[in-house]
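Asker: Following this line is target.csv, made up of CSV, C-alpha atoms:
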```
chain,number,residue,atom,x,y,z
A,1213,MET,CA,-32.7,36.3,-21.7
A,1214,ALA,CA,-31.2,34.4,-24.6
A,1215,ASP,CA,-27.9,33.5,-22.8
A,1216,LYS,CA,-29.2,32.6,-19.4
A,1217,LYS,CA,-29.4,29.1,-18.0
A,1218,VAL,CA,-32.7,27.3,-18.0
A,1219,ASN,CA,-33.4,27.8,-14.3
A,1220,GLU,CA,-29.7,27.9,-13.5
A,1221,PHE,CA,-28.2,25.7,-10.8
A,1222,ASN,CA,-24.8,24.4,-9.8
A,1223,ILE,CA,-24.4,21.6,-7.3
A,1224,GLU,CA,-21.1,23.0,-6.2
A,1225,ASP,CA,-22.7,26.2,-5.1
A,1226,LEU,CA,-25.2,24.5,-2.7
A,1227,ASP,CA,-24.7,24.4,1.1
A,1228,LEU,CA,-26.8,21.3,1.9
A,1229,ASN,CA,-26.7,22.2,5.6
A,1230,GLU,CA,-28.8,25.3,4.8
A,1231,ILE,CA,-31.4,23.6,2.8
A,1232,ASN,CA,-34.8,23.5,4.6
A,1233,ILE,CA,-36.4,20.1,4.5
A,1234,SER,CA,-40.1,20.6,4.9
A,1235,GLY,CA,-41.7,17.2,5.5
A,1236,LYS,CA,-40.2,13.9,4.3
A,1237,LYS,CA,-39.6,13.7,0.6
A,1238,LYS,CA,-37.4,11.5,-1.6
A,1239,SER,CA,-34.5,12.9,-3.5
A,1240,GLY,CA,-31.3,11.8,-5.2
A,1241,PHE,CA,-29.2,11.6,-8.3
A,1242,VAL,CA,-30.0,8.9,-11.0
A,1243,ALA,CA,-27.2,8.0,-13.5
A,1244,ILE,CA,-28.5,6.7,-16.8
A,1245,LEU,CA,-26.1,4.3,-18.6
A,1246,GLY,CA,-26.3,2.3,-21.8
A,1247,ARG,CA,-24.9,1.6,-25.2
A,1248,PRO,CA,-25.4,4.2,-28.0
A,1249,ASN,CA,-28.9,4.4,-29.4
A,1250,VAL,CA,-30.8,2.4,-26.7
A,1251,GLY,CA,-33.0,5.4,-25.9
A,1252,LYS,CA,-31.3,6.9,-22.8
A,1253,SER,CA,-32.0,10.5,-23.8
A,1254,THR,CA,-35.5,9.7,-25.1
A,1255,ILE,CA,-36.4,8.2,-21.8
A,1256,MET,CA,-35.0,11.1,-19.8
A,1257,ASN,CA,-36.7,13.7,-22.0
A,1258,HIS,CA,-40.1,11.9,-21.5
A,1259,LEU,CA,-39.6,11.5,-17.8
A,1260,ILE,CA,-39.0,15.2,-17.2
A,1261,GLY,CA,-41.5,16.3,-19.8
A,1262,MET,CA,-39.2,18.5,-21.8
A,1263,LYS,CA,-36.8,17.9,-24.7
A,1264,ILE,CA,-33.3,18.7,-23.4
A,1265,ALA,CA,-31.0,16.1,-24.9
A,1266,ALA,CA,-30.6,15.5,-28.6
A,1267,VAL,CA,-32.3,12.4,-29.9
A,1268,SER,CA,-31.5,10.4,-33.0
A,1269,LYS,CA,-30.6,6.9,-34.2
A,1270,ARG,CA,-26.9,7.8,-34.7
A,1271,ALA,CA,-24.1,6.9,-32.4
A,1272,GLN,CA,-22.7,9.7,-30.3
A,1273,THR,CA,-26.0,11.6,-30.1
A,1274,THR,CA,-25.2,12.3,-26.5
A,1275,ARG,CA,-21.6,13.4,-26.1
A,1276,LYS,CA,-21.5,14.8,-22.6
A,1277,ARG,CA,-23.3,14.4,-19.3
A,1278,ILE,CA,-26.6,16.3,-19.2
A,1279,GLN,CA,-28.3,17.0,-15.9
A,1280,THR,CA,-32.1,17.4,-15.7
A,1281,VAL,CA,-34.4,17.8,-12.7
A,1282,TYR,CA,-37.8,16.4,-12.0
A,1283,THR,CA,-39.8,17.6,-9.0
A,1284,ASP,CA,-43.3,16.7,-7.8
A,1285,GLU,CA,-45.1,16.1,-4.5
A,1286,ARG,CA,-43.1,12.9,-3.9
A,1287,GLY,CA,-39.7,14.7,-4.0
A,1288,GLN,CA,-37.0,15.5,-6.5
A,1289,ILE,CA,-34.9,13.4,-8.9
A,1290,VAL,CA,-31.8,14.7,-10.7
A,1291,PHE,CA,-31.2,12.6,-13.8
A,1292,LEU,CA,-27.7,12.3,-15.2
A,1293,ASP,CA,-27.8,11.3,-18.8
A,1294,THR,CA,-24.4,10.0,-20.0
A,1295,PRO,CA,-22.9,9.4,-23.4
A,1296,GLY,CA,-23.4,6.0,-24.9
A,1297,LEU,CA,-20.5,3.8,-23.8
A,1298,ASN,CA,-18.4,2.3,-26.6
A,1299,LYS,CA,-14.7,1.8,-27.4
A,1300,ALA,CA,-12.9,5.1,-27.4
A,1301,GLU,CA,-11.1,5.8,-30.7
A,1302,THR,CA,-10.5,9.5,-30.4
A,1303,LYS,CA,-10.0,12.1,-27.7
A,1304,LEU,CA,-13.6,12.9,-28.0
A,1305,GLY,CA,-14.4,9.2,-27.4
A,1306,GLU,CA,-12.2,9.3,-24.3
A,1307,TYR,CA,-14.0,12.4,-23.0
A,1308,MET,CA,-17.3,10.7,-23.5
A,1309,TYR,CA,-16.2,7.6,-21.6
A,1310,ASP,CA,-14.7,9.6,-18.7
A,1311,ALA,CA,-18.0,11.6,-18.5
A,1312,ALA,CA,-20.0,8.4,-18.1
A,1313,VAL,CA,-17.6,7.0,-15.5
A,1314,ASP,CA,-17.5,10.2,-13.4
A,1315,THR,CA,-21.2,10.3,-13.3
A,1316,LEU,CA,-21.3,7.1,-11.2
A,1317,LYS,CA,-19.4,8.9,-8.4
A,1318,THR,CA,-22.4,11.1,-7.6
A,1319,ALA,CA,-25.2,8.6,-8.3
A,1320,ASP,CA,-27.7,7.4,-5.7
A,1321,LEU,CA,-29.2,5.0,-8.3
A,1322,ILE,CA,-28.0,3.5,-11.6
A,1323,MET,CA,-30.4,2.9,-14.4
A,1324,TRP,CA,-29.0,0.6,-17.1
A,1325,ILE,CA,-31.0,1.1,-20.3
A,1326,ILE,CA,-31.0,-1.8,-22.8
A,1327,GLU,CA,-33.0,-3.2,-25.7
A,1328,PRO,CA,-34.8,-6.5,-25.8
A,1329,SER,CA,-32.0,-8.9,-26.7
A,1330,THR,CA,-30.1,-12.0,-25.3
A,1331,PHE,CA,-26.8,-10.9,-26.8
A,1332,ILE,CA,-24.3,-9.4,-24.4
A,1333,GLY,CA,-21.6,-7.8,-26.4
A,1334,THR,CA,-18.4,-5.8,-25.6
A,1335,GLY,CA,-20.4,-2.6,-24.9
A,1336,GLU,CA,-22.7,-4.3,-22.5
A,1337,ARG,CA,-19.8,-6.1,-20.7
A,1338,ILE,CA,-18.0,-2.7,-20.2
A,1339,ILE,CA,-21.1,-1.2,-18.7
A,1340,ALA,CA,-21.7,-4.3,-16.5
A,1341,GLU,CA,-18.2,-4.1,-15.1
A,1342,LEU,CA,-18.5,-0.4,-14.3
A,1343,ILE,CA,-21.9,-1.0,-12.6
A,1344,GLY,CA,-20.5,-3.9,-10.7
A,1345,LYS,CA,-17.7,-1.8,-9.3
A,1346,ALA,CA,-19.9,1.1,-8.4
A,1347,SER,CA,-22.6,-1.1,-6.8
A,1348,LYS,CA,-20.2,-3.1,-4.7
A,1349,GLN,CA,-18.0,-0.2,-3.6
A,1350,ASP,CA,-20.8,2.2,-2.7
A,1351,SER,CA,-23.9,-0.1,-2.4
A,1352,ILE,CA,-25.6,1.8,-5.2
A,1353,PRO,CA,-29.0,0.2,-6.2
A,1354,VAL,CA,-29.2,-0.8,-9.9
A,1355,PHE,CA,-32.3,-0.8,-12.2
A,1356,LEU,CA,-32.4,-2.7,-15.5
A,1357,VAL,CA,-34.7,-0.9,-17.8
A,1358,ILE,CA,-35.6,-2.7,-21.0
A,1359,ASN,CA,-36.6,0.0,-23.5
A,1360,LYS,CA,-38.5,-0.5,-26.8
A,1361,ASN,CA,-40.8,-3.2,-25.3
A,1362,ASP,CA,-43.0,-2.6,-28.3
A,1363,THR,CA,-40.5,-4.3,-30.5
A,1364,ALA,CA,-40.6,-7.7,-28.6
A,1365,ASP,CA,-43.2,-10.1,-27.3
A,1366,SER,CA,-43.5,-11.1,-23.6
A,1367,ASP,CA,-41.3,-14.2,-24.2
A,1368,GLY,CA,-38.6,-12.1,-25.7
A,1369,ILE,CA,-38.7,-9.7,-22.7
A,1370,ALA,CA,-38.6,-12.5,-20.3
A,1371,LYS,CA,-35.5,-14.0,-22.0
A,1372,THR,CA,-33.8,-10.6,-21.9
A,1373,GLU,CA,-34.5,-10.3,-18.2
A,1374,GLU,CA,-33.1,-13.8,-17.5
A,1375,THR,CA,-30.0,-13.3,-19.6
A,1376,TYR,CA,-29.0,-10.0,-18.0
A,1377,SER,CA,-29.9,-11.1,-14.5
A,1378,SER,CA,-27.8,-14.3,-14.8
A,1379,TYR,CA,-24.9,-12.4,-16.4
A,1380,MET,CA,-24.7,-9.8,-13.6
A,1381,LYS,CA,-24.9,-12.4,-10.8
A,1382,ASP,CA,-22.3,-14.7,-12.4
A,1383,ASN,CA,-19.8,-12.1,-13.5
A,1384,GLU,CA,-20.3,-9.0,-11.3
A,1385,GLU,CA,-22.1,-10.6,-8.2
A,1386,VAL,CA,-24.8,-7.9,-8.5
A,1387,SER,CA,-28.5,-8.3,-8.5
A,1388,PHE,CA,-30.9,-5.8,-10.0
A,1389,ASN,CA,-33.1,-3.9,-7.5
A,1390,CYS,CA,-35.7,-3.5,-10.1
A,1391,ILE,CA,-36.3,-4.8,-13.7
A,1392,ILE,CA,-38.9,-3.0,-15.7
A,1393,ASN,CA,-39.7,-2.9,-19.4
A,1394,VAL,CA,-40.8,0.4,-21.0
A,1395,SER,CA,-41.3,2.1,-24.3
A,1396,ALA,CA,-40.2,5.7,-24.3
A,1397,THR,CA,-41.7,6.5,-27.6
A,1398,GLU,CA,-45.1,4.9,-26.6
A,1399,SER,CA,-44.9,6.3,-23.0
A,1400,THR,CA,-45.5,2.7,-21.7
A,1401,ASN,CA,-44.7,2.0,-18.1
A,1402,LEU,CA,-42.9,5.4,-17.6
A,1403,ASP,CA,-45.1,6.3,-14.6
A,1404,GLU,CA,-44.3,2.9,-13.1
A,1405,LEU,CA,-40.6,3.5,-13.7
A,1406,MET,CA,-40.8,6.9,-12.0
A,1407,GLN,CA,-42.6,5.5,-8.9
A,1408,SER,CA,-40.0,2.7,-8.7
A,1409,ILE,CA,-37.2,5.3,-8.6
A,1410,TYR,CA,-38.9,7.2,-5.8
A,1411,ASP,CA,-39.4,3.9,-3.9
A,1412,VAL,CA,-35.6,3.3,-3.9
A,1413,LEU,CA,-34.3,6.8,-3.3
A,1414,PRO,CA,-33.6,7.9,0.2
A,1415,PHE,CA,-35.5,10.7,2.1
A,1416,GLY,CA,-33.6,13.9,1.7
A,1417,PRO,CA,-33.5,17.6,0.8
A,1418,MET,CA,-34.8,19.2,-2.3
A,1419,TYR,CA,-31.5,20.2,-3.9
A,1420,PHE,CA,-32.9,22.7,-6.4
A,1421,ASN,CA,-35.9,25.0,-6.8
A,1422,GLU,CA,-39.0,23.2,-7.9
A,1423,ASP,CA,-39.0,25.0,-11.3
A,1424,THR,CA,-35.5,24.0,-12.1
A,1425,ILE,CA,-35.3,21.8,-15.2
A,1426,THR,CA,-31.6,21.6,-16.3
A,1427,ASP,CA,-28.2,23.0,-16.0
A,1428,GLU,CA,-27.9,23.4,-19.8
A,1429,THR,CA,-27.9,27.0,-21.0
A,1430,GLU,CA,-30.2,28.1,-23.7
A,1431,ARG,CA,-27.2,28.4,-26.0
A,1432,GLU,CA,-26.2,24.8,-25.2
A,1433,ILE,CA,-29.7,23.5,-25.8
A,1434,ALA,CA,-30.0,25.4,-29.1
A,1435,SER,CA,-26.6,23.9,-30.1
A,1436,GLU,CA,-27.9,20.4,-29.4
A,1437,TYR,CA,-31.1,21.0,-31.4
A,1438,ILE,CA,-29.0,22.1,-34.4
A,1439,ARG,CA,-26.6,19.1,-34.1
A,1440,GLU,CA,-29.6,16.8,-33.7
A,1441,LYS,CA,-30.9,18.0,-37.1
A,1442,CYS,CA,-27.5,17.3,-38.6
A,1443,LEU,CA,-27.6,13.8,-37.2
A,1444,ARG,CA,-31.0,13.1,-38.6
A,1445,ASN,CA,-30.5,14.5,-42.1
A,1446,LEU,CA,-26.9,13.8,-43.1
A,1447,ASP,CA,-25.1,10.7,-44.4
A,1448,LYS,CA,-24.1,8.0,-41.9
A,1449,GLU,CA,-20.5,8.9,-41.3
A,1450,ILE,CA,-20.6,12.7,-41.4
A,1451,PRO,CA,-22.4,13.3,-38.1
A,1452,HIS,CA,-19.6,11.7,-36.1
A,1453,GLY,CA,-17.3,14.6,-37.2
A,1454,ILE,CA,-19.7,17.4,-36.5
A,1455,ALA,CA,-19.8,20.0,-33.7
A,1456,VAL,CA,-22.0,23.1,-33.4
A,1457,ILE,CA,-21.0,26.4,-31.9
A,1458,ILE,CA,-23.4,29.2,-31.1
A,1459,ASP,CA,-21.6,32.4,-32.1
A,1460,LYS,CA,-24.3,34.9,-31.2
A,1461,MET,CA,-27.6,34.7,-29.4
A,1462,LYS,CA,-29.3,37.9,-28.6
A,1463,THR,CA,-32.8,39.2,-28.1
A,1464,ARG,CA,-33.7,42.3,-30.1
A,1465,PRO,CA,-34.4,45.4,-28.0
A,1466,ASP,CA,-38.1,45.4,-28.9
A,1467,GLY,CA,-38.4,41.7,-27.8
A,1468,SER,CA,-39.8,40.8,-31.2
A,1469,LEU,CA,-37.4,37.8,-31.8
A,1470,VAL,CA,-34.0,36.3,-31.0
A,1471,ASP,CA,-31.1,36.5,-33.5
A,1472,ILE,CA,-28.9,33.4,-33.4
A,1473,GLU,CA,-25.8,32.8,-35.4
A,1474,ALA,CA,-24.2,29.3,-35.3
A,1475,THR,CA,-21.4,27.5,-37.0
A,1476,ILE,CA,-21.4,23.8,-37.9
A,1477,ILE,CA,-17.9,22.3,-37.6
A,1478,CYS,CA,-17.0,19.3,-39.8
A,1479,GLU,CA,-13.7,17.5,-40.5
A,1480,LYS,CA,-13.4,17.4,-44.3
A,1481,GLU,CA,-14.0,19.8,-47.2
A,1482,SER,CA,-16.1,17.1,-48.9
A,1483,HIS,CA,-18.3,16.9,-45.8
A,1484,LYS,CA,-18.8,20.7,-45.9
A,1485,GLY,CA,-20.3,20.4,-49.3
A,1486,ILE,CA,-22.7,17.7,-48.2
A,1487,VAL,CA,-23.7,19.7,-45.1
A,1488,ILE,CA,-24.5,22.7,-47.3
A,1489,GLY,CA,-26.1,20.7,-50.0
A,1490,LYS,CA,-27.0,21.6,-53.6
A,1491,ASN,CA,-27.8,25.3,-53.7
A,1492,GLY,CA,-27.8,25.3,-49.9
A,1493,ALA,CA,-30.8,23.0,-49.6
A,1494,MET,CA,-29.4,20.7,-46.8
A,1495,LEU,CA,-28.3,23.6,-44.7
A,1496,LYS,CA,-31.7,25.3,-45.1
A,1497,ARG,CA,-33.4,22.1,-44.1
A,1498,ILE,CA,-31.3,21.7,-41.0
A,1499,GLY,CA,-31.8,25.4,-40.1
A,1500,THR,CA,-35.6,25.2,-40.6
A,1501,GLU,CA,-36.0,22.1,-38.4
A,1502,ALA,CA,-33.7,23.4,-35.7
A,1503,ARG,CA,-35.4,26.8,-35.6
A,1504,ARG,CA,-38.8,25.2,-34.9
A,1505,ASP,CA,-37.4,23.4,-31.8
A,1506,ILE,CA,-35.5,26.5,-30.6
A,1507,GLU,CA,-38.7,28.7,-31.0
A,1508,LYS,CA,-40.6,26.2,-28.9
A,1509,MET,CA,-38.0,26.2,-26.2
A,1510,LEU,CA,-37.7,30.0,-26.0
A,1511,ASP,CA,-41.4,30.7,-26.8
A,1512,MET,CA,-40.2,33.4,-29.2
A,1513,ARG,CA,-39.6,33.9,-32.9
A,1514,VAL,CA,-36.1,33.1,-33.9
A,1515,ASN,CA,-33.9,34.3,-36.8
A,1516,LEU,CA,-31.3,31.5,-37.2
A,1517,LYS,CA,-28.3,31.8,-39.5
A,1518,LEU,CA,-25.9,28.9,-40.0
A,1519,TRP,CA,-22.4,28.7,-41.4
A,1520,VAL,CA,-20.1,25.7,-42.0
A,1521,LYS,CA,-16.4,25.5,-41.3
A,1522,VAL,CA,-13.8,22.8,-41.7
A,1523,ARG,CA,-11.5,21.8,-38.8
A,1524,PRO,CA,-9.6,18.6,-39.8
A,1525,GLY,CA,-9.2,16.1,-37.0
A,1526,TRP,CA,-10.9,18.3,-34.3
A,1527,ARG,CA,-12.1,15.2,-32.4
A,1528,ASP,CA,-8.4,14.4,-31.5
A,1529,LYS,CA,-7.3,18.0,-30.6
A,1530,SER,CA,-7.8,19.2,-27.0
A,1531,ILE,CA,-7.9,22.8,-28.0
A,1532,TYR,CA,-10.9,22.3,-30.2
A,1533,LEU,CA,-12.6,19.9,-27.7
A,1534,ASN,CA,-12.5,22.6,-25.1
A,1535,GLU,CA,-13.6,25.3,-27.5
A,1536,TYR,CA,-16.6,23.2,-28.6
A,1537,GLY,CA,-17.8,22.6,-25.1
A,1538,TYR,CA,-16.4,19.1,-24.3
A,1539,LYS,CA,-14.9,19.9,-21.0
A,1540,ASP,CA,-15.9,19.6,-17.3
A,1541,LYS,CA,-18.4,22.3,-16.2
```
Please rewrite the model in this file as structure tokens.

Answerer:
Amino acid sequence: MADKKVNEFNIEDLDLNEINISGKKKSGFVAILGRPNVGKSTIMNHLIGMKIAAVSKRAQTTRKRIQTVYTDERGQIVFLDTPGLNKAETKLGEYMYDAAVDTLKTADLIMWIIEPSTFIGTGERIIAELIGKASKQDSIPVFLVINKNDTADSDGIAKTEETYSSYMKDNEEVSFNCIINVSATESTNLDELMQSIYDVLPFGPMYFNEDTITDETEREIASEYIREKCLRNLDKEIPHGIAVIIDKMKTRPDGSLVDIEATIICEKESHKGIVIGKNGAMLKRIGTEARRDIEKMLDMRVNLKLWVKVRPGWRDKSIYLNEYGYKDK
């Protein structure tokens, strides 16, 4: 049980010709793009009603593409959450950029998540160029989603809309099919966003069973929960050099609880000491917070043990990137 996928699926295994379409329903793949920390994963988690992707205020919170599925009476939406796009400075950064770019190849709709602002920096220009190419080549509709609308007044939101609409028309010759402002944390306008997505998606088959939620395994989600707690509790620079590996995840024969052993990877000996903390206090805090989320996901008691290892420069070494899960599925 503890090593299975959460309602496992794989798009490559599907024969779309054999899928039975009962009635007309909407379906499609929605790519979520944006700079780091604009709330992409938070929006996705709220839309599907389950916490799958790690969420924090740190950059690189999402490091790989995460697929989730939402199904209701209107149809089925497959959300593709991508890493925040930024300048790649390591092999891990290159992997994250490629993961975001590759996602556009399978998208039926692009959602560009931004914050209320009239400043269009390097990160936004990179995203705008990628969206422009995808939209013009494959006629993919594009939504502009202004998150965190609770942090700006109506005038600020209007100026954001005008700035981004003008930039896309002038530089990429692309118009947004929909502009909507939301607040993921306040759950504002999320129902309206979901309906707008259904309005644009084509009629098509239900690609996955209605109880499918994600292609992430329980091990992968547990790993993300642990890494999220590292991101939230550790000093600013340390989380960038952290990875988490689940070494063991096994349900006891009597079904009383799940034993999990995990290793937190960091790049420097000095970072190891900070992750562990005085008398192990920081590691205990990370473990306690992660265990609560994992128990909620598994609906079982969890015995979580954490270790910390140093792997200098792992973000620039392909062998470690593959070992730590940063590879194509």

Asker: For atom CA of A:Val1250 and atom CA of A:Ser1435, determine how far apart the two atoms are, in Å to one decimal place.

Answerer: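 Between atom CA of A:Val1250 and atom CA of A:Ser1435 the gap works out to 22.2 Å.
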
Asker: So what do you get for atom CA of A:Gln1279 versus atom CA of A:Phe1291, distance-wise?

Answerer: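 Atom CA of A:Phe1291 lies at a distance of 5.7 Å from atom CA of A:Gln1279.
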
Asker: With all atoms listed in the file as the atoms that count, which of A:Asn1389, A:Thr1372, A:Ser1395, A:Thr1426 lies nearest to A:Ser1408?

Answerer: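 Counting all atoms listed in the file, the residue closest to A:Ser1408 is A:Asn1389.
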
Asker: Could you tell me how far atom CA of A:Arg1337 lies from atom CA of A:Val1242, in Å and to one decimal?

Answerer: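 These atoms are spaced 20.6 Å apart.
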
Asker: Applying 7 Å and only C-alpha atoms, which residues near A:Lys1238 remain after dropping the ones on its own chain fewer than 2 positions away? List them as JSON, numbers by chain.

Answerer: {"A": [1236, 1286, 1287, 1288, 1410, 1413, 1414, 1415, 1416]}

Asker: Using all atoms listed in the file, what does the table of stretch 1439-1531 of chain A residues within 12 Å of stretch 1251-1263 of chain A look like, with each row giving the shortest atom pair and its distance in Å to one decimal, sorted by chain and ascending number, as JSON lines?

Answerer:
```
{"residue": "A:Glu1440", "atom": "CA", "partner": "A:Lys1263", "partner_atom": "CA", "distance": 11.6}
{"residue": "A:Asp1505", "atom": "CA", "partner": "A:Lys1263", "partner_atom": "CA", "distance": 9.0}
{"residue": "A:Ile1506", "atom": "CA", "partner": "A:Lys1263", "partner_atom": "CA", "distance": 10.5}
{"residue": "A:Lys1508", "atom": "CA", "partner": "A:Lys1263", "partner_atom": "CA", "distance": 10.0}
{"residue": "A:Met1509", "atom": "CA", "partner": "A:Lys1263", "partner_atom": "CA", "distance": 8.5}
```

Asker: Of the residues A:His1483, A:Arg1497, A:Glu1404, A:Ile1392, which is the one nearest to A:Ile1438, using only C-alpha atoms?

Answerer: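 Result for the nearest residue to A:Ile1438: A:Arg1497.
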
Asker: With distances taken over all atoms listed in the file, which residue among A:Ala1243, A:Ile1343, A:Ile1477, A:Val1290 lies nearest A:Arg1439?

Answerer: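 Checking each candidate against A:Arg1439, we get A:Ile1477 as the closest.
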
Asker: Would you please work out which residue, of A:Val1386, A:Ile1409, A:Ala1370, A:Ile1338, is nearest to A:Phe1241 when using all atoms listed in the file?

Answerer: A:Ile1409

Asker: Nearest to A:Val1281 among A:Leu1342, A:Ile1425, A:Val1394, A:Leu1321, with distances taken over only C-alpha atoms: which residue is it?

Answerer: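 Among A:Leu1342, A:Ile1425, A:Val1394, A:Leu1321, it is A:Ile1425 that comes nearest to A:Val1281.
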
Asker: If we count all atoms listed in the file and set the cut-off at 10 Å, which residues sit around stretch 1485-1492 of chain A, ignoring sequence neighbours fewer than 4 positions away in its own chain? Please answer as a PDB file with C-alpha atoms, keeping the file's coordinate frame.

Answerer:
```pdb
ATOM      1  CA  CYS A1442     -27.500  17.300 -38.600  1.00  0.00           C
ATOM      2  CA  ASN A1445     -30.500  14.500 -42.100  1.00  0.00           C
ATOM      3  CA  LEU A1446     -26.900  13.800 -43.100  1.00  0.00           C
ATOM      4  CA  ASP A1447     -25.100  10.700 -44.400  1.00  0.00           C
ATOM      5  CA  ILE A1450     -20.600  12.700 -41.400  1.00  0.00           C
ATOM      6  CA  PRO A1451     -22.400  13.300 -38.100  1.00  0.00           C
ATOM      7  CA  ILE A1454     -19.700  17.400 -36.500  1.00  0.00           C
ATOM      8  CA  ILE A1476     -21.400  23.800 -37.900  1.00  0.00           C
ATOM      9  CA  ILE A1477     -17.900  22.300 -37.600  1.00  0.00           C
ATOM     10  CA  CYS A1478     -17.000  19.300 -39.800  1.00  0.00           C
ATOM     11  CA  LYS A1480     -13.400  17.400 -44.300  1.00  0.00           C
ATOM     12  CA  GLU A1481     -14.000  19.800 -47.200  1.00  0.00           C
ATOM     13  CA  LYS A1496     -31.700  25.300 -45.100  1.00  0.00           C
ATOM     14  CA  ARG A1497     -33.400  22.100 -44.100  1.00  0.00           C
ATOM     15  CA  ILE A1498     -31.300  21.700 -41.000  1.00  0.00           C
ATOM     16  CA  LEU A1518     -25.900  28.900 -40.000  1.00  0.00           C
ATOM     17  CA  TRP A1519     -22.400  28.700 -41.400  1.00  0.00           C
ATOM     18  CA  VAL A1520     -20.100  25.700 -42.000  1.00  0.00           C
TER      19      VAL A1520
END
```

Asker: Given the choices A:Met1418, A:Glu1428, A:Ile1358, A:Tyr1437, which gets closest to A:Asn1401 if the distance is worked out from only C-alpha atoms?

Answerer: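 Selected residue with least distance to A:Asn1401: A:Ile1358.
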
Asker: Would you mind listing what lies within 7 Å of A:Met1323 as a short mmCIF file (atom, residue, chain, number, x, y, z; two decimals) with C-alpha atoms, in the frame of the given file, with all atoms listed in the file counted and same-chain residues fewer than 5 positions away left out?

Answerer:
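Contents of around_35.cif, as written:
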```
data_model
loop_
_atom_site.label_atom_id
_atom_site.label_comp_id
_atom_site.auth_asym_id
_atom_site.auth_seq_id
_atom_site.Cartn_x
_atom_site.Cartn_y
_atom_site.Cartn_z
CA VAL A 1242 -30.00 8.90 -11.00
CA ALA A 1243 -27.20 8.00 -13.50
CA ILE A 1244 -28.50 6.70 -16.80
CA LEU A 1245 -26.10 4.30 -18.60
CA VAL A 1354 -29.20 -0.80 -9.90
CA PHE A 1355 -32.30 -0.80 -12.20
CA LEU A 1356 -32.40 -2.70 -15.50
CA VAL A 1357 -34.70 -0.90 -17.80
#
```

Asker: What's around A:Pro1524 at 7 Å? Count only C-alpha atoms, leave out sequence neighbours fewer than 2 positions away in its own chain, and write the answer as an MDAnalysis selection string.

Answerer: chainID A and resid 1479:1480 1522 1526

Asker: Can you patch up stretch 1329-1343 of chain A, filling it in to N, CA and C atoms, and show the result as an mmCIF file, keeping the file's coordinate frame?

Answerer:
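Result file is part-v9.cif:
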```
data_model
loop_
_atom_site.group_PDB
_atom_site.id
_atom_site.type_symbol
_atom_site.label_atom_id
_atom_site.label_comp_id
_atom_site.auth_asym_id
_atom_site.auth_seq_id
_atom_site.Cartn_x
_atom_site.Cartn_y
_atom_site.Cartn_z
ATOM 1 N N SER A 1329 -32.958 -8.123 -25.985
ATOM 2 C CA SER A 1329 -32.000 -8.900 -26.700
ATOM 3 C C SER A 1329 -31.308 -9.888 -25.671
ATOM 4 N N THR A 1330 -30.878 -11.039 -26.154
ATOM 5 C CA THR A 1330 -30.100 -12.000 -25.300
ATOM 6 C C THR A 1330 -28.661 -11.958 -25.618
ATOM 7 N N PHE A 1331 -28.239 -11.015 -26.459
ATOM 8 C CA PHE A 1331 -26.800 -10.900 -26.800
ATOM 9 C C PHE A 1331 -26.151 -9.860 -25.930
ATOM 10 N N ILE A 1332 -25.100 -10.274 -25.248
ATOM 11 C CA ILE A 1332 -24.300 -9.400 -24.400
ATOM 12 C C ILE A 1332 -22.963 -9.173 -25.053
ATOM 13 N N GLY A 1333 -22.790 -8.051 -25.705
ATOM 14 C CA GLY A 1333 -21.600 -7.800 -26.400
ATOM 15 C C GLY A 1333 -20.552 -7.004 -25.620
ATOM 16 N N THR A 1334 -19.531 -6.500 -26.315
ATOM 17 C CA THR A 1334 -18.400 -5.800 -25.600
ATOM 18 C C THR A 1334 -18.956 -4.553 -24.891
ATOM 19 N N GLY A 1335 -19.838 -3.787 -25.538
ATOM 20 C CA GLY A 1335 -20.400 -2.600 -24.900
ATOM 21 C C GLY A 1335 -21.110 -2.906 -23.611
ATOM 22 N N GLU A 1336 -21.937 -3.947 -23.651
ATOM 23 C CA GLU A 1336 -22.700 -4.300 -22.500
ATOM 24 C C GLU A 1336 -21.751 -4.834 -21.352
ATOM 25 N N ARG A 1337 -20.695 -5.562 -21.731
ATOM 26 C CA ARG A 1337 -19.800 -6.100 -20.700
ATOM 27 C C ARG A 1337 -18.999 -4.931 -20.038
ATOM 28 N N ILE A 1338 -18.649 -3.901 -20.809
ATOM 29 C CA ILE A 1338 -18.000 -2.700 -20.200
ATOM 30 C C ILE A 1338 -18.889 -2.061 -19.206
ATOM 31 N N ILE A 1339 -20.141 -1.879 -19.576
ATOM 32 C CA ILE A 1339 -21.100 -1.200 -18.700
ATOM 33 C C ILE A 1339 -21.336 -2.106 -17.442
ATOM 34 N N ALA A 1340 -21.472 -3.421 -17.639
ATOM 35 C CA ALA A 1340 -21.700 -4.300 -16.500
ATOM 36 C C ALA A 1340 -20.554 -4.251 -15.509
ATOM 37 N N GLU A 1341 -19.327 -4.168 -15.995
ATOM 38 C CA GLU A 1341 -18.200 -4.100 -15.100
ATOM 39 C C GLU A 1341 -18.179 -2.783 -14.311
ATOM 40 N N LEU A 1342 -18.494 -1.672 -14.992
ATOM 41 C CA LEU A 1342 -18.500 -0.400 -14.300
ATOM 42 C C LEU A 1342 -19.643 -0.375 -13.238
ATOM 43 N N ILE A 1343 -20.796 -0.922 -13.591
ATOM 44 C CA ILE A 1343 -21.900 -1.000 -12.600
ATOM 45 C C ILE A 1343 -21.547 -1.886 -11.462
#
```
